[in-house]
Amino acid sequence: MKKLVAIVLCLCLALTMLTACGGANSSSQVGSTPTSAGSGQTKPLRWAIKASEAGRQEIQNLIDLAAENGIQVETVVLPDPAAGEADKLLISLMGGESFDLFMTAYANAIPYYNAGVLEPLDSYAEQAGYDVEKTFGQYPARFDDQLYGMPAFVDTAVTLYNKALFDKAGIPYPTAENWTWEEFIRVGKQLTNEAEGIYGAFNPLWAHYNYMYAMQKGAEHYKADGTSNYDDPLFKEALKFYYDLGNVEHVNPEYLVQKSKQMPLDYFTSGNIGMSVAGGWTTVWLTDTEKYPRDWKAGMLPMPYPEGEKPSTSVVVSNFYVPATSEQKELAFQCAALFAENMYLMGGGRVPARVDLTDEEINSYIESSLAPSLANDGITVEEIRAAWFNPEIRPFDEKVVGAAAADINKAFMDEGGLYAIGEQDLDTTMANIKARADKAIQDTAEQ
Amino acid sequence: MKQLSQPVPRLYNARETRLAWLFITPYLIGYTLFHFLPLVMSFLMSFTNLKYISRLDKVKFIGLSNYTEMFGDEMFLGSLWNSVLFTLMYVPFILVVGLALAVLVNKKLYARNLIRSMIFMPYVSNMVAVAVVWSILLDPISGPINMTLKALGIADPPMWLMSSDSALPTVAMIAIWQGVGLQFITYLAALQNVPVELKEAASIDGANTRQIFFHVTLPSILPTTFLLTITSIIGSLKNFTIIQVMTAGGPGNATTVLPLNIINTAFSTMRMGYASAQAMVMFVIVMVVTAVQWKLQKKYVD
């Protein structure tokens with residue numbers, strides 16, 4: 001009896017330990033339509049999605065679309081990697097686990113490419129006679145001139161504004177025409193009433209705001225010799241511009257206020273913020289009234305641009321990738337192409353990455369899909385078109401895309417923060433950013 | 001008779017031994033898998049250029065390069081210095097405050113049990129909740145502490161977590177507040193074990209309260225002090241959570257301590273080899289500090 005109890009206790013201990021080693025993946029068979037005859041598919045494609053994407057209707061719709069086209073797909077849900085955390089999908093792929101499909105932003109795919117876990121897709125496109133450029137223009141993800149990604153959508157930055165605060169301040173709603181940063185500041189100052197906790201604008205403390213203004217003026221992150229370009233005066237101007245919005249112009253909350261109060265990134269939804277300039281995904285704050293209930297209406301504009309420059313906006317292109325560990329690469333490519341072409345039609349309010357759509361198709365899409373979800377706010381088809389489908393607006397990468405991107409963003413946050421609290425002058429700040437960026441680039445090259 | 005009785009204890013011992021192994025095997029497996037093997041792997045990785053996102057066939061043995069690089073790396077040296085500063089601020093204060101509180105509560109005191117619970121409560125509180133509460137209290141612009149200081153006539157109160165000069169001492173202060181419960185409770189147990197006869201004898205010999213405390217009580221609790229010093233130093237050098245949740249190493253890198261720098265190196269810049277080398281240096285520092293203290297303990301306590 002004593003021996004039995006001892007063995008049971010030991011087994012319990014061992015089981016507890018092994019349970020702690022268990023994975024958190026959850027897999028679900030969501031495709032309902034069976035594989036069409038002749039596709040030769042022996043098992044479903046494994047599509048790795050993030051936990052934050054699980055349960056979205058557009059994911060389900062895509063899987064149903066695949067099923068209608070004879071491709072069976074199942075999702076494998078993986079945890080979202082937070083900043084500074086290891087990406088479980090990347091680790092799994094490096095460990096040889098088989099996945100057939102995943103979607104991520106271009107900048108996030110660079111580590112995957114460096115790790116050698118992405119399958120080049122040129123040969124599959126050629127074999128299928130698929131003209132990628134004709135359909136997607138310059139949006140497909142390429143590394144070393146090879147095709148690796150099929151672009152699903154382009155997240156294009158927008159300005160959201162709170163109409164109630166404009167009404168309260170007696171200011172007419174702004175329009176897309178001549179929507180410059182200078183106009184943004186002028187309007188923002190009129191909206192700000194710090195005594196009541198109302199600010200003209202709120203832009204979270206994100207790294208890309210530090211250099212956004214420079215990118216809009218045509219700056220590049222890297223010089224031709226591969227070193228960083230942060231001694232370009234445009235970056236100095238951009239950094240000053242961003243922190244001045246709060247500390248000098250008082251359009252944004254001051255840096256210290258944002259930092260000490262730990263204002264969340266969706267602080268615009270509090271109703272105390274006049275305007276927000278961020279990725280197009282932030283329109284979910286308007287459409288998801290269950291999560292963000294409000295009694296005021298919002299408007300939508302393109303991203304502001306520097307006066308005297310041509311209009312421009314930051315974009316993040318998300319692509320579908322086929323991992324090198326895929327056991328059904330050809331089929332996975334077909335599925336990636338199918339998803340990339342149609343994702344914008346799946347009800348997620350996406351801006352398509354397709355350049356082959358006619359004006360009629362775009363109008364029809366806006367009217368049937370985008371406008372209804374924003375109609376409650378009185379946002380018109382023209383306003384959506386002006387923000388997201390204006391070919392006159394020059395797109396630029398929101399994030400640093402290149403060597404040592406993570407280190408560069410951290411350098412901007414660290415050094416920019418010291419400048420913002422007055423502990424470091426602007427010249428020292430830029431010199432430190434340049435030095436840190438160059439060292440990180442050199443380290444990366446040596447690696 | 002003797003010959004018959006001899007095998008019994010042997011059998012008994014063998015069964016006991018088997019049972020003992022059975023019980024410790026799960027722990028040994030866990031220790032080997034999650035502590036020993038990672039330690040060995042980390043040691044081996046510290047001699048490579050491994051990035052966790054690089055192709056494994058590109059991993060090279062680079063000798064002591066990671067170790068030599070550290071001496072010219074401002075981030076590493078800065079974080080090491082911050083760790084030392086944090087330890088210097090944290091360890092003496094937490095020991096003194098813990099002892100002082102234990103001495104106070106060891107006396108007959110009104111609501112002693114309640115006070116004891118209140119002192120220990122932060123120790124078992126959720127670190128994130130603690131961080132949120134302190135962030136609100138220490139808000140330099142509209143937090144209650146600075147508002148009070150301003151009301152008292154201090155025009156320029158400290159910036160607490162928002163200034164490079166005050167952030168590390170502030171985090172150390174919060175860490176002391178949060179962790180002092182363990183020191184307090186351990187000291188309290190030690191104080192209650194100091195023989196009363198010794199104090200009485202000293203008193204009869206004419207010693208006053210202060211002399212009794214410094215010449216009788218303190219030497220009696222020296223083993224506890226050594227133990228707490230070792231654990232506090234190790235804890236402060238390994239400190240990561242409180243800094244991550246309160247400042248994330250900022251402003252700038254003013255509170256980036258060594259463990260935080262190791263995490264950043266490994267998972268932000270993805271240099272696992274270099275991060276492993278830093279972890280090895282930290283391991284050696286902790287080992288040396290522990291060994292020195294162990295020697296001192298043997299000399300002064302045993």
# chains A, B, ... in the order shown; residues from 1 in each chain; ligands from 1

call {"tool": "select_by_dssp", "arguments": {"residues": "range 24-264 of chain A", "states": "alpha helix (DSSP H)", "output": "PyMOL selection string"}}
result
chain A and resi 57-68+88-94+106-114+122-128+132-136+163-169+181-191+209-216+233-247+255-260

call {"tool": "interface_residues", "arguments": {"of": "chain B", "to": "chain A", "cutoff": "8 Å", "atoms": "only C-alpha atoms", "output": "NGL selection string"}}
result
:B and (19 or 22-23 or 26 or 30 or 49 or 52-55 or 135-136 or 139-141 or 162-164 or 250-253 or 263-264 or 267-269)

call {"tool": "residues_around", "arguments": {"residues": "Phe61 in chain B", "least_positions_apart": "3", "cutoff": "10 Å", "atoms": "only C-alpha atoms", "output": "MDAnalysis selection string"}}
result
chainID B and resid 44:50 58 64:65 273

call {"tool": "write_last_selection", "arguments": {"atoms": "C-alpha atoms", "output": "PDB file, in the first residue's frame"}}
result
ATOM      1  CA  LEU B  44      28.106  26.495 -25.092  1.00  0.00           C
ATOM      2  CA  MET B  45      26.039  29.121 -26.914  1.00  0.00           C
ATOM      3  CA  SER B  46      28.098  31.888 -25.331  1.00  0.00           C
ATOM      4  CA  PHE B  47      30.970  30.861 -27.617  1.00  0.00           C
ATOM      5  CA  THR B  48      28.871  31.120 -30.780  1.00  0.00           C
ATOM      6  CA  ASN B  49      27.324  33.853 -32.906  1.00  0.00           C
ATOM      7  CA  LEU B  50      23.870  32.230 -32.591  1.00  0.00           C
ATOM      8  CA  LYS B  58      25.362  29.721 -40.218  1.00  0.00           C
ATOM      9  CA  LEU B  64      35.781  34.395 -26.598  1.00  0.00           C
ATOM     10  CA  SER B  65      34.553  37.138 -28.953  1.00  0.00           C
ATOM     11  CA  GLY B 273      25.068  33.868 -28.193  1.00  0.00           C
TER      12      GLY B 273
END

call {"tool": "residues_around", "arguments": {"residues": "Ile262 in chain B", "least_positions_apart": "5", "cutoff": "7 Å", "atoms": "only C-alpha atoms", "output": "short mmCIF file (atom, residue, chain, number, x, y, z; two decimals) with C-alpha atoms, in the first residue's frame"}}
result
data_model
loop_
_atom_site.label_atom_id
_atom_site.label_comp_id
_atom_site.auth_asym_id
_atom_site.auth_seq_id
_atom_site.Cartn_x
_atom_site.Cartn_y
_atom_site.Cartn_z
CA ALA B 275 23.05 37.21 -24.38
CA GLN B 278 26.24 38.04 -20.53
CA ALA B 279 24.20 35.51 -18.57
#

call {"tool": "select_by_dssp", "arguments": {"residues": "range 145-388 of chain A", "states": "strand (DSSP E or B)", "output": "ChimeraX atom specification"}}
result
/A:146-147,149-156,158-162,180,193,198-201,222,228,273-278,298-302,305,312-321,323,352

call {"tool": "residues_around", "arguments": {"residues": "Ile242 in chain B", "least_positions_apart": "4", "cutoff": "10 Å", "atoms": "only C-alpha atoms", "output": "list in words"}}
result
Met127, Val128, Val130, Ala131, Val171, Ala172, Ile174, Ala175, Gln178, Met246, Thr247 and Ala248 of chain B

call {"tool": "write_last_selection", "arguments": {"atoms": "C-alpha atoms", "output": "PDB file, in the first residue's frame"}}
result
ATOM      1  CA  MET B 127       3.724  42.783  -8.998  1.00  0.00           C
ATOM      2  CA  VAL B 128       1.769  44.330 -11.862  1.00  0.00           C
ATOM      3  CA  VAL B 130       1.839  47.044  -7.254  1.00  0.00           C
ATOM      4  CA  ALA B 131       3.399  48.755 -10.271  1.00  0.00           C
ATOM      5  CA  VAL B 171      12.398  51.495  -8.198  1.00  0.00           C
ATOM      6  CA  ALA B 172      14.739  50.315  -5.421  1.00  0.00           C
ATOM      7  CA  ILE B 174       9.412  50.250  -4.238  1.00  0.00           C
ATOM      8  CA  ALA B 175      11.280  46.933  -4.413  1.00  0.00           C
ATOM      9  CA  GLN B 178       7.435  45.132  -1.733  1.00  0.00           C
ATOM     10  CA  MET B 246       7.624  49.939 -13.818  1.00  0.00           C
ATOM     11  CA  THR B 247      10.072  51.529 -16.250  1.00  0.00           C
ATOM     12  CA  ALA B 248      10.978  48.911 -18.892  1.00  0.00           C
TER      13      ALA B 248
END

call {"tool": "residues_around", "arguments": {"residues": "range 235-239 of chain B", "least_positions_apart": "5", "cutoff": "8 Å", "atoms": "only C-alpha atoms", "output": "list in words"}}
result
Ser83, Val84, Phe86, Thr87, Tyr90, Val91, Val257, Leu258, Pro259 and Val286 of chain B

call {"tool": "closest_residue", "arguments": {"among": "A:Gly40, A:Gly129, A:Pro172, A:Gly246", "to": "Gln258 in chain A", "atoms": "only C-alpha atoms"}}
result
A:Gly246

call {"tool": "residues_around", "arguments": {"residues": "Lys199 in chain B", "least_positions_apart": "2", "cutoff": "12 Å", "atoms": "only C-alpha atoms", "output": "ChimeraX atom specification"}}
result
/B:191,193-197,201-220

call {"tool": "atom_distance", "arguments": {"atom1": "CA of Phe339 in chain A", "atom2": "CA of Glu58 in chain A"}}
result
10.5 Å

call {"tool": "atom_distance", "arguments": {"atom1": "CA of Thr135 in chain A", "atom2": "CA of Ser318 in chain A"}}
result
15.3 Å

call {"tool": "closest_residue", "arguments": {"among": "B:Val245, B:Ala266, B:Ala254, B:Leu188", "to": "Thr225 in chain B", "atoms": "only C-alpha atoms"}}
result
B:Leu188
